[in-house]
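Novice: Following this message is one structure expressed as structure tokens.
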Amino acid sequence: MEIRHFVTFNKVIEMGSFTQAAEHLGYSQSTVTSHIQALEEYLGAPLFDRLGRKVKFTEIGKKLLPYTQEILDTYGKIESITSDEKDIRGTLKIAAPFSNSLPPRTNINRISKELSKCKHPLK
């Protein structure tokens, strides 16, 4: 079991599908499947009932959920113990609308250039 397996498990529950979880995490669907399979193999029981493109967690999956959240909360606390309180930490999500008048990379390059000027560089 690895932390990323719990992150994936949590995201599948949140999104309601392996495909949407994969898109959100930046993984392929097969990676999400392998993370869930690793947890299922370790526990010796399925965590989800697959219902077409949707998934519903099993009784074991339901029991695992609060422990997963506790693990991820603790992991977040561990990551932050060495950081200075003045440091900005966390995930930055940037969304840019598609524009027919500009090539898609233009917006990303412009945003990247502006972010590089920030006082607190991204880590």
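Every chain in the structure tokens takes a letter, A first, then B, and so on in the order presented; its residues are numbered from 1, and the ligands are numbered from 1 following the presented order.
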If you count only C-alpha atoms, which residues fall within 10 Å of segment 20-36 of chain A, apart from same-chain ones fewer than 3 positions away, as a list in words?
Specialist: Met1, Glu2, Arg4, His5, Phe6, Val7, Thr8, Phe9, Asn10, Lys11, Val12, Ile13, Glu14, Met15, Gly16, Ser17, Leu39, Glu40, Glu41, Tyr42, Pro46, Leu47, Phe48, Arg53 and Lys54 of chain A
Novice: What's the 12 Å shell around Leu51 of chain A, counting only C-alpha atoms, without same-chain residues fewer than 4 positions away, as a compact mmCIF listing (two decimals) with all heavy atoms, in the first residue's frame?
Specialist:
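See selection.txt below for the written result:
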# COMPACT_ATOMS: atom_id res chain seq x y z
N GLY A 16 -16.78 9.52 -8.55
CA GLY A 16 -17.79 8.54 -8.94
C GLY A 16 -17.42 7.68 -10.13
O GLY A 16 -18.23 6.88 -10.58
N SER A 17 -16.20 7.83 -10.65
CA SER A 17 -15.78 6.98 -11.76
C SER A 17 -14.26 6.94 -11.84
O SER A 17 -13.58 7.89 -11.44
CB SER A 17 -16.36 7.46 -13.09
OG SER A 17 -15.58 8.46 -13.68
N PHE A 18 -13.76 5.84 -12.38
CA PHE A 18 -12.32 5.68 -12.56
C PHE A 18 -11.82 6.68 -13.60
O PHE A 18 -10.76 7.27 -13.45
CB PHE A 18 -12.00 4.26 -13.02
CG PHE A 18 -12.01 3.22 -11.92
CD1 PHE A 18 -12.93 3.26 -10.89
CD2 PHE A 18 -11.11 2.18 -11.93
CE1 PHE A 18 -12.95 2.30 -9.88
CE2 PHE A 18 -11.10 1.22 -10.94
CZ PHE A 18 -12.03 1.27 -9.91
N VAL A 55 -19.13 3.74 -10.44
CA VAL A 55 -18.73 2.78 -9.43
C VAL A 55 -19.43 3.11 -8.12
O VAL A 55 -19.76 4.25 -7.84
CB VAL A 55 -17.19 2.79 -9.20
CG1 VAL A 55 -16.46 2.27 -10.41
CG2 VAL A 55 -16.69 4.15 -8.81
N LYS A 56 -19.66 2.08 -7.34
CA LYS A 56 -20.27 2.23 -6.02
C LYS A 56 -19.40 1.43 -5.07
O LYS A 56 -19.03 0.29 -5.37
CB LYS A 56 -21.70 1.68 -6.05
CG LYS A 56 -22.41 1.76 -4.73
CD LYS A 56 -23.79 1.15 -4.82
CE LYS A 56 -24.41 1.10 -3.45
NZ LYS A 56 -25.61 0.27 -3.41
N PHE A 57 -19.04 2.04 -3.93
CA PHE A 57 -18.16 1.27 -3.06
C PHE A 57 -18.89 0.16 -2.34
O PHE A 57 -20.09 0.26 -2.05
CB PHE A 57 -17.35 2.15 -2.10
CG PHE A 57 -18.08 3.18 -1.32
CD1 PHE A 57 -18.70 2.87 -0.13
CD2 PHE A 57 -18.11 4.49 -1.76
CE1 PHE A 57 -19.34 3.83 0.61
CE2 PHE A 57 -18.75 5.47 -1.01
CZ PHE A 57 -19.37 5.13 0.17
N THR A 58 -18.15 -0.91 -2.09
CA THR A 58 -18.68 -2.07 -1.39
C THR A 58 -18.66 -1.77 0.11
O THR A 58 -18.23 -0.70 0.55
CB THR A 58 -17.79 -3.30 -1.65
OG1 THR A 58 -16.48 -3.02 -1.14
CG2 THR A 58 -17.73 -3.65 -3.13
Novice: Work out how far apart atom CA of Gly52 of chain A and atom CA of Leu72 of chain A are and give it in Å to one decimal.
Specialist: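 Taking atom CA of Gly52 of chain A and atom CA of Leu72 of chain A, their separation equals 28.5 Å.
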Novice: Give me, please, the distance in Å between atom CA of Glu70 of chain A and atom CA of Gly90 of chain A, quoted to one decimal.
Specialist: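 Here the two named atoms are 18.2 Å from each other.
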Novice: Can you measure atom CA of Asp49 of chain A to atom CA of Ile3 of chain A for me? One decimal in Å is fine.
Specialist: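 Computing the Euclidean distance for atom CA of Asp49 of chain A and atom CA of Ile3 of chain A yields 22.3 Å.
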